[in-house]
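Asks: Supplied structure: run-v1.pdb, PDB, C-alpha atoms.
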```pdb
ATOM      1  CA  GLU A   1       0.000   0.000   0.000
ATOM      2  CA  ALA A   2       2.782   2.439   0.937
ATOM      3  CA  ALA A   3       4.521   1.747  -2.397
ATOM      4  CA  GLY A   4       1.405   2.757  -4.305
ATOM      5  CA  PHE A   5       0.248  -0.664  -5.480
ATOM      6  CA  GLY A   6      -3.247   0.042  -4.185
ATOM      7  CA  ASN A   7      -3.923   2.526  -6.984
ATOM      8  CA  ALA A   8      -3.605   2.794 -10.745
ATOM      9  CA  GLU A   9      -1.829   6.152 -10.694
ATOM     10  CA  GLY A  10       1.907   6.878 -10.590
ATOM     11  CA  ASN A  11       4.986   5.257 -12.138
ATOM     12  CA  PRO A  12       5.119   1.432 -12.129
ATOM     13  CA  ARG A  13       8.914   1.333 -12.161
ATOM     14  CA  ILE A  14       9.185   3.688  -9.171
ATOM     15  CA  LYS A  15       6.556   1.661  -7.332
ATOM     16  CA  SER A  16       8.611  -1.509  -7.778
ATOM     17  CA  ILE A  17      11.784   0.195  -6.575
ATOM     18  CA  ILE A  18      10.136   1.751  -3.528
ATOM     19  CA  LEU A  19       8.508  -1.591  -2.638
ATOM     20  CA  LYS A  20      11.922  -3.265  -2.630
ATOM     21  CA  VAL A  21      13.462  -0.433  -0.583
ATOM     22  CA  LEU A  22      10.667  -0.658   1.996
ATOM     23  CA  GLN A  23      10.864  -4.448   2.227
ATOM     24  CA  GLU A  24      14.638  -4.475   2.655
ATOM     25  CA  THR A  25      14.500  -1.629   5.179
ATOM     26  CA  ALA A  26      11.912  -3.514   7.247
ATOM     27  CA  ARG A  27      14.091  -6.626   7.185
ATOM     28  CA  LEU A  28      17.163  -4.637   8.198
ATOM     29  CA  ILE A  29      15.332  -3.056  11.133
ATOM     30  CA  GLU A  30      14.109  -6.457  12.287
ATOM     31  CA  ASP A  31      17.267  -8.503  11.656
ATOM     32  CA  LEU A  32      19.644  -6.003  13.289
ATOM     33  CA  GLU A  33      17.155  -5.011  15.998
ATOM     34  CA  ILE A  34      17.480  -1.320  15.179
ATOM     35  CA  THR A  35      16.495   0.803  18.169
ATOM     36  CA  GLU A  36      14.266   3.843  17.937
ATOM     37  CA  ASP A  37      17.244   6.050  18.816
ATOM     38  CA  GLU A  38      19.281   4.511  15.986
ATOM     39  CA  PHE A  39      16.374   4.945  13.586
ATOM     40  CA  TRP A  40      15.904   8.651  14.298
ATOM     41  CA  ILE A  41      19.658   9.256  14.259
ATOM     42  CA  ALA A  42      19.621   7.781  10.737
ATOM     43  CA  VAL A  43      16.730  10.043   9.695
ATOM     44  CA  ASP A  44      18.575  13.073  11.057
ATOM     45  CA  TYR A  45      21.705  11.954   9.194
ATOM     46  CA  LEU A  46      19.821  11.836   5.889
ATOM     47  CA  ASN A  47      18.558  15.363   6.522
ATOM     48  CA  ARG A  48      22.110  16.596   7.140
ATOM     49  CA  LEU A  49      23.460  14.681   4.134
ATOM     50  CA  GLY A  50      20.926  16.266   1.780
ATOM     51  CA  GLY A  51      21.291  19.669   3.374
ATOM     52  CA  ARG A  52      25.005  19.622   2.653
ATOM     53  CA  GLY A  53      24.572  18.182  -0.842
ATOM     54  CA  GLU A  54      26.865  15.263  -0.012
ATOM     55  CA  ALA A  55      24.777  12.314  -1.198
ATOM     56  CA  GLY A  56      26.976  11.960  -4.301
ATOM     57  CA  LEU A  57      30.069  11.973  -2.092
ATOM     58  CA  LEU A  58      28.729   9.280   0.217
ATOM     59  CA  VAL A  59      27.750   6.866  -2.567
ATOM     60  CA  ALA A  60      31.308   7.147  -3.881
ATOM     61  CA  GLY A  61      32.808   6.686  -0.414
ATOM     62  CA  LEU A  62      30.741   3.588   0.297
ATOM     63  CA  GLY A  63      31.841   1.995  -2.970
ATOM     64  CA  ILE A  64      28.383   2.044  -4.545
ATOM     65  CA  GLU A  65      29.481   4.067  -7.567
ATOM     66  CA  HIS A  66      32.473   1.753  -8.023
ATOM     67  CA  PHE A  67      30.097  -1.209  -7.832
ATOM     68  CA  LEU A  68      28.194   0.223 -10.808
ATOM     69  CA  ASP A  69      31.460   0.234 -12.794
ATOM     70  CA  LEU A  70      32.163  -3.394 -11.869
ATOM     71  CA  LEU A  71      28.587  -4.337 -12.811
ATOM     72  CA  HIS A  72      28.918  -2.657 -16.232
ATOM     73  CA  ASP A  73      32.303  -4.359 -16.736
ATOM     74  CA  ALA A  74      30.710  -7.750 -16.049
ATOM     75  CA  LYS A  75      27.837  -7.055 -18.452
ATOM     76  CA  ASP A  76      30.294  -5.944 -21.144
ATOM     77  CA  ALA A  77      32.396  -9.085 -20.671
ATOM     78  CA  GLN A  78      29.311 -11.266 -21.174
ATOM     79  CA  VAL A  79      28.819  -9.832 -24.668
ATOM     80  CA  GLY A  80      32.526  -9.730 -25.539
ATOM     81  CA  LEU A  81      33.155  -6.002 -25.017
ATOM     82  CA  THR A  82      36.566  -6.080 -23.357
ATOM     83  CA  GLY A  83      39.776  -4.063 -23.509
ATOM     84  CA  GLY A  84      40.214  -0.354 -23.941
ATOM     85  CA  THR A  85      40.594   2.275 -21.246
ATOM     86  CA  PRO A  86      38.736   1.274 -18.057
ATOM     87  CA  ARG A  87      35.720   3.210 -16.903
ATOM     88  CA  THR A  88      35.618   4.651 -13.408
ATOM     89  CA  ILE A  89      33.415   6.854 -11.260
ATOM     90  CA  GLU A  90      32.078  10.233 -12.360
ATOM     91  CA  GLY A  91      31.873  11.699  -8.864
ATOM     92  CA  PRO A  92      29.511  14.484  -7.768
ATOM     93  CA  LEU A  93      31.314  17.550  -9.164
ATOM     94  CA  TYR A  94      30.639  17.610 -12.917
ATOM     95  CA  VAL A  95      29.130  20.757 -14.459
ATOM     96  CA  ALA A  96      27.806  20.722 -18.013
ATOM     97  CA  GLY A  97      28.380  23.395 -20.635
ATOM     98  CA  ALA A  98      32.141  24.012 -20.323
ATOM     99  CA  PRO A  99      33.739  26.154 -23.055
ATOM    100  CA  ILE A 100      34.583  24.165 -26.163
ATOM    101  CA  ALA A 101      37.699  24.379 -28.351
ATOM    102  CA  GLN A 102      39.232  22.615 -31.326
ATOM    103  CA  GLY A 103      42.272  20.475 -30.537
ATOM    104  CA  GLU A 104      43.963  22.613 -27.900
ATOM    105  CA  VAL A 105      42.961  24.845 -24.994
ATOM    106  CA  ARG A 106      44.099  26.515 -21.783
ATOM    107  CA  MET A 107      42.006  25.427 -18.801
ATOM    108  CA  ASP A 108      43.042  27.676 -15.895
ATOM    109  CA  ASP A 109      42.188  31.348 -15.467
ATOM    110  CA  GLY A 110      45.696  32.281 -14.292
ATOM    111  CA  THR A 111      44.759  33.220 -10.726
ATOM    112  CA  GLU A 112      46.971  30.485  -9.238
ATOM    113  CA  GLU A 113      49.800  30.909 -11.719
ATOM    114  CA  GLN A 114      52.330  32.046  -9.091
ATOM    115  CA  GLN A 115      51.575  29.179  -6.713
ATOM    116  CA  ALA A 116      50.700  26.332  -9.081
ATOM    117  CA  THR A 117      52.846  24.124 -11.289
ATOM    118  CA  VAL A 118      51.922  24.493 -14.961
ATOM    119  CA  MET A 119      50.816  21.195 -16.480
ATOM    120  CA  PHE A 120      50.761  20.251 -20.157
ATOM    121  CA  LEU A 121      48.264  17.459 -20.726
ATOM    122  CA  GLU A 122      47.888  15.730 -24.047
ATOM    123  CA  GLY A 123      47.091  12.437 -25.704
ATOM    124  CA  ARG A 124      44.970  10.745 -28.314
ATOM    125  CA  VAL A 125      41.561   9.119 -28.493
ATOM    126  CA  LEU A 126      41.798   5.779 -30.296
ATOM    127  CA  ASP A 127      39.198   3.347 -31.559
ATOM    128  CA  PRO A 128      39.209  -0.355 -30.549
ATOM    129  CA  ASN A 129      41.680  -1.076 -33.357
ATOM    130  CA  GLY A 130      44.106   1.650 -32.261
ATOM    131  CA  LYS A 131      43.195   4.127 -34.986
ATOM    132  CA  PRO A 132      42.748   7.817 -34.093
ATOM    133  CA  VAL A 133      39.201   9.139 -33.654
ATOM    134  CA  GLU A 134      38.661  12.600 -35.116
ATOM    135  CA  GLY A 135      35.911  14.804 -33.733
ATOM    136  CA  ALA A 136      35.647  13.164 -30.326
ATOM    137  CA  THR A 137      34.555  15.485 -27.507
ATOM    138  CA  VAL A 138      36.960  15.299 -24.559
ATOM    139  CA  ASP A 139      35.149  16.879 -21.596
ATOM    140  CA  LEU A 140      37.586  17.256 -18.691
ATOM    141  CA  TRP A 141      37.560  18.872 -15.271
ATOM    142  CA  HIS A 142      39.763  18.874 -12.185
ATOM    143  CA  ALA A 143      40.456  20.607  -8.882
ATOM    144  CA  ASN A 144      42.754  23.559  -8.224
ATOM    145  CA  ILE A 145      45.776  23.574  -5.894
ATOM    146  CA  ARG A 146      43.469  23.632  -2.853
ATOM    147  CA  GLY A 147      41.536  20.599  -4.020
ATOM    148  CA  THR A 148      38.349  22.550  -4.790
ATOM    149  CA  TYR A 149      36.259  22.828  -7.964
ATOM    150  CA  SER A 150      34.762  25.809  -9.755
ATOM    151  CA  PHE A 151      31.009  26.333  -9.183
ATOM    152  CA  PHE A 152      31.299  24.490  -5.858
ATOM    153  CA  ASP A 153      34.063  26.873  -4.725
ATOM    154  CA  GLN A 154      32.593  30.335  -5.264
ATOM    155  CA  SER A 155      36.038  31.985  -5.160
ATOM    156  CA  GLN A 156      36.885  30.486  -8.568
ATOM    157  CA  SER A 157      35.815  31.953 -11.878
ATOM    158  CA  GLU A 158      33.084  30.284 -13.907
ATOM    159  CA  TYR A 159      34.270  27.089 -15.621
ATOM    160  CA  ASN A 160      37.794  27.444 -14.239
ATOM    161  CA  LEU A 161      39.612  24.141 -14.899
ATOM    162  CA  ARG A 162      36.683  22.830 -16.969
ATOM    163  CA  ARG A 163      36.911  22.534 -20.747
ATOM    164  CA  ARG A 164      35.740  20.519 -23.751
ATOM    165  CA  ILE A 165      38.210  19.728 -26.527
ATOM    166  CA  ILE A 166      37.361  18.346 -29.985
ATOM    167  CA  THR A 167      40.077  15.968 -31.172
ATOM    168  CA  ASN A 168      41.892  16.729 -34.428
ATOM    169  CA  ALA A 169      42.468  14.431 -37.406
ATOM    170  CA  ASP A 170      45.134  12.577 -35.413
ATOM    171  CA  GLY A 171      42.675  12.015 -32.569
ATOM    172  CA  ARG A 172      44.731  14.340 -30.385
ATOM    173  CA  TYR A 173      43.707  16.656 -27.573
ATOM    174  CA  ARG A 174      46.014  19.149 -25.836
ATOM    175  CA  ALA A 175      45.484  21.274 -22.736
ATOM    176  CA  ARG A 176      47.562  23.661 -20.675
ATOM    177  CA  SER A 177      46.450  23.646 -17.063
ATOM    178  CA  ILE A 178      47.889  23.364 -13.541
ATOM    179  CA  VAL A 179      48.754  20.303 -11.485
ATOM    180  CA  PRO A 180      45.672  19.650  -9.320
ATOM    181  CA  SER A 181      45.695  18.731  -5.675
ATOM    182  CA  GLY A 182      44.005  15.782  -4.054
ATOM    183  CA  TYR A 183      41.374  16.533  -1.480
ATOM    184  CA  GLY A 184      39.474  15.114   1.458
ATOM    185  CA  CYS A 185      35.911  15.157   2.682
ATOM    186  CA  ASP A 186      34.986  18.095   4.873
ATOM    187  CA  PRO A 187      36.003  16.997   8.413
ATOM    188  CA  GLN A 188      32.784  18.555   9.731
ATOM    189  CA  GLY A 189      30.544  17.068   7.043
ATOM    190  CA  PRO A 190      28.165  14.096   7.225
ATOM    191  CA  THR A 191      30.197  11.928   4.816
ATOM    192  CA  GLN A 192      33.266  12.126   7.027
ATOM    193  CA  ASP A 193      31.042  11.526  10.077
ATOM    194  CA  CYS A 194      30.029   8.204   8.518
ATOM    195  CA  LEU A 195      33.601   7.328   7.528
ATOM    196  CA  ASP A 196      34.804   8.091  11.070
ATOM    197  CA  LEU A 197      32.316   5.556  12.434
ATOM    198  CA  LEU A 198      33.700   3.032   9.943
ATOM    199  CA  GLY A 199      37.298   3.814  10.922
ATOM    200  CA  ARG A 200      38.094   5.088   7.416
ATOM    201  CA  HIS A 201      39.717   8.212   5.980
ATOM    202  CA  GLY A 202      38.068  10.384   3.319
ATOM    203  CA  GLN A 203      41.069  11.302   1.143
ATOM    204  CA  ARG A 204      41.473  11.211  -2.626
ATOM    205  CA  PRO A 205      44.626  11.405  -4.758
ATOM    206  CA  ALA A 206      45.015  14.163  -7.332
ATOM    207  CA  HIS A 207      43.060  13.226 -10.434
ATOM    208  CA  ILE A 208      41.557  14.526 -13.675
ATOM    209  CA  HIS A 209      38.013  13.594 -14.713
ATOM    210  CA  PHE A 210      37.061  12.787 -18.309
ATOM    211  CA  PHE A 211      33.947  12.245 -20.381
ATOM    212  CA  LEU A 212      34.761  11.006 -23.885
ATOM    213  CA  SER A 213      31.975  11.282 -26.448
ATOM    214  CA  PRO A 214      33.275  10.038 -29.799
ATOM    215  CA  PRO A 215      31.087   9.878 -32.915
ATOM    216  CA  GLY A 216      30.011   6.313 -33.608
ATOM    217  CA  HIS A 217      31.293   4.978 -30.295
ATOM    218  CA  ARG A 218      29.970   4.604 -26.787
ATOM    219  CA  HIS A 219      30.461   7.374 -24.209
ATOM    220  CA  LEU A 220      33.256   6.713 -21.689
ATOM    221  CA  THR A 221      33.344   8.089 -18.141
ATOM    222  CA  THR A 222      36.767   7.786 -16.553
ATOM    223  CA  GLN A 223      39.569   9.646 -14.797
ATOM    224  CA  ILE A 224      43.352   9.781 -14.654
ATOM    225  CA  ASN A 225      44.834   9.425 -11.183
ATOM    226  CA  LEU A 226      48.248  11.040 -10.931
ATOM    227  CA  SER A 227      51.306   8.939 -10.192
ATOM    228  CA  GLY A 228      53.260   9.459  -6.996
ATOM    229  CA  GLU A 229      50.235  10.449  -4.898
ATOM    230  CA  LYS A 230      50.024   9.219  -1.281
ATOM    231  CA  TYR A 231      46.452   7.990  -1.688
ATOM    232  CA  LEU A 232      46.847   6.656  -5.236
ATOM    233  CA  TRP A 233      45.943   3.086  -4.233
ATOM    234  CA  ASP A 234      44.071   4.082  -1.076
ATOM    235  CA  ASP A 235      41.401   6.316  -2.636
ATOM    236  CA  PHE A 236      38.370   6.495  -0.356
ATOM    237  CA  ALA A 237      36.149   6.598  -3.478
ATOM    238  CA  TYR A 238      37.736   3.465  -5.036
ATOM    239  CA  ALA A 239      38.337   5.267  -8.347
ATOM    240  CA  THR A 240      41.934   4.186  -9.025
ATOM    241  CA  ARG A 241      42.087   1.241 -11.411
ATOM    242  CA  GLU A 242      44.853  -0.484 -13.340
ATOM    243  CA  GLY A 243      45.286   1.382 -16.601
ATOM    244  CA  LEU A 244      44.197   4.745 -15.199
ATOM    245  CA  VAL A 245      47.420   5.961 -13.566
ATOM    246  CA  GLY A 246      48.926   8.937 -15.372
ATOM    247  CA  GLU A 247      52.710   9.221 -15.147
ATOM    248  CA  VAL A 248      53.532  12.848 -14.430
ATOM    249  CA  VAL A 249      56.974  14.024 -15.593
ATOM    250  CA  PHE A 250      58.385  17.207 -14.073
ATOM    251  CA  ARG A 251      60.854  19.278 -16.116
ATOM    252  CA  GLU A 252      62.733  22.539 -15.758
ATOM    253  CA  ASP A 253      64.300  23.069 -19.170
ATOM    254  CA  GLY A 254      62.377  26.025 -20.590
ATOM    255  CA  ALA A 255      61.313  23.954 -23.575
ATOM    256  CA  ARG A 256      57.630  24.781 -23.097
ATOM    257  CA  GLY A 257      58.156  28.507 -22.792
ATOM    258  CA  VAL A 258      57.217  28.735 -19.120
ATOM    259  CA  PRO A 259      59.691  29.774 -16.404
ATOM    260  CA  GLY A 260      60.801  27.236 -13.835
ATOM    261  CA  ARG A 261      59.343  23.829 -13.145
ATOM    262  CA  TYR A 262      56.442  22.430 -15.143
ATOM    263  CA  ALA A 263      54.755  19.062 -15.566
ATOM    264  CA  GLU A 264      53.911  16.915 -18.572
ATOM    265  CA  LEU A 265      51.256  14.225 -18.664
ATOM    266  CA  ASN A 266      50.589  12.140 -21.774
ATOM    267  CA  PHE A 267      47.610   9.819 -21.761
ATOM    268  CA  ASP A 268      45.893   8.009 -24.628
ATOM    269  CA  PHE A 269      42.330   6.706 -24.372
ATOM    270  CA  GLN A 270      41.226   3.604 -26.252
ATOM    271  CA  LEU A 271      37.513   3.087 -26.738
TER     272      LEU A 271
END
```
Just dump the structure as structure tokens.
Replies:
Amino acid sequence: EAAGFGNAEGNPRIKSIILKVLQETARLIEDLEITEDEFWIAVDYLNRLGGRGEAGLLVAGLGIEHFLDLLHDAKDAQVGLTGGTPRTIEGPLYVAGAPIAQGEVRMDDGTEEQQATVMFLEGRVLDPNGKPVEGATVDLWHANIRGTYSFFDQSQSEYNLRRRIITNADGRYRARSIVPSGYGCDPQGPTQDCLDLLGRHGQRPAHIHFFLSPPGHRHLTTQINLSGEKYLWDDFAYATREGLVGEVVFREDGARGVPGRYAELNFDFQL
């Protein structure tokens, strides 16, 4: 009755999902002998989680988003779709509509130029046979040197460190940006409250998110996790996977036309 099966109105799919949620919740309460105090603490927690907009952070931290990747991998393997660059989590910080450019772009607004390390990021998008894919949209976004993202950090300019690049005839994309920082959950936030009760940290390594939308191929959601990071293989969001570690090379030779130390990161994506 609570799931709406006593009436002909509403959405049948949502009714089925809510029925399952209610049944499993009732079983959990009974099997684990949840007290009334525990129940209302949980309700209060959900209020705080939504109020802080951290639901997307928690599902990553509890491995649910990673589970979706593993589930899709298993389904792909059943129909023979294997190989290529692995998928991994999207995370909760994507913003649509980033500026678009052909082949090459600068991503940062220059406000951190004196503190940040300039990074030159480039690579190619390849089809399953290793041939370059022209006209693919490479939608990428990453944090600044404080580990925060534009739109969510109001001190940053609009679309700072967010761009879309259309690959050239060689399937290549190029971007000048800055080396991002890893970040952790807000120590005072509800996600970290949950992790504390589980005895877990809430830290992520530095990383760069990617959507790849190539003509005639399936969309790929993935990210590059930067080599040498403390939490590279201890990411609280379980996003690091074999094949997604980007080897960062630091140079100080002036060859790129920037003073002092800079970084290079080359990464090819295979669909």
Asks: Mind giving me the straight-line distance from CA of Gly61 in chain A to CA of Ala237 in chain A in Å, one decimal?
Replies: 4.5 Å
Asks: Point out the residue among A:Gln23, A:Asn129, A:Glu247, A:Arg204 with the least atom-to-atom distance to Tyr231 in chain A, counting all atoms listed in the file.
Replies: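 Among A:Gln23, A:Asn129, A:Glu247, A:Arg204, it is A:Arg204 that comes nearest to Tyr231 in chain A.
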Asks: Find the residue from A:Leu126, A:Ile89, A:Met119, A:Val79 that sits nearest to Ala60 in chain A; use only C-alpha atoms when measuring.
Replies: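 Among the listed residues, the smallest separation from Ala60 in chain A belongs to A:Ile89.
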Asks: In Å, how far is it from CA of Glu112 in chain A to CA of Pro187 in chain A?
Replies: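 Distance between the two atoms: 24.8 Å.
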Asks: Please determine, counting only C-alpha atoms, which residue among A:Gly171, A:Leu58, A:Met107, A:Asp186 has the shortest atom-to-atom distance to Ser157 in chain A.
Replies: A:Met107
Asks: Go through A:Asp268, A:Asp76, A:Glu54, A:Asp109 and flag the residue nearest Cys194 in chain A, using all atoms listed in the file for the distances.
Replies: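 The shortest atom-to-atom distance to Cys194 in chain A comes from A:Glu54.
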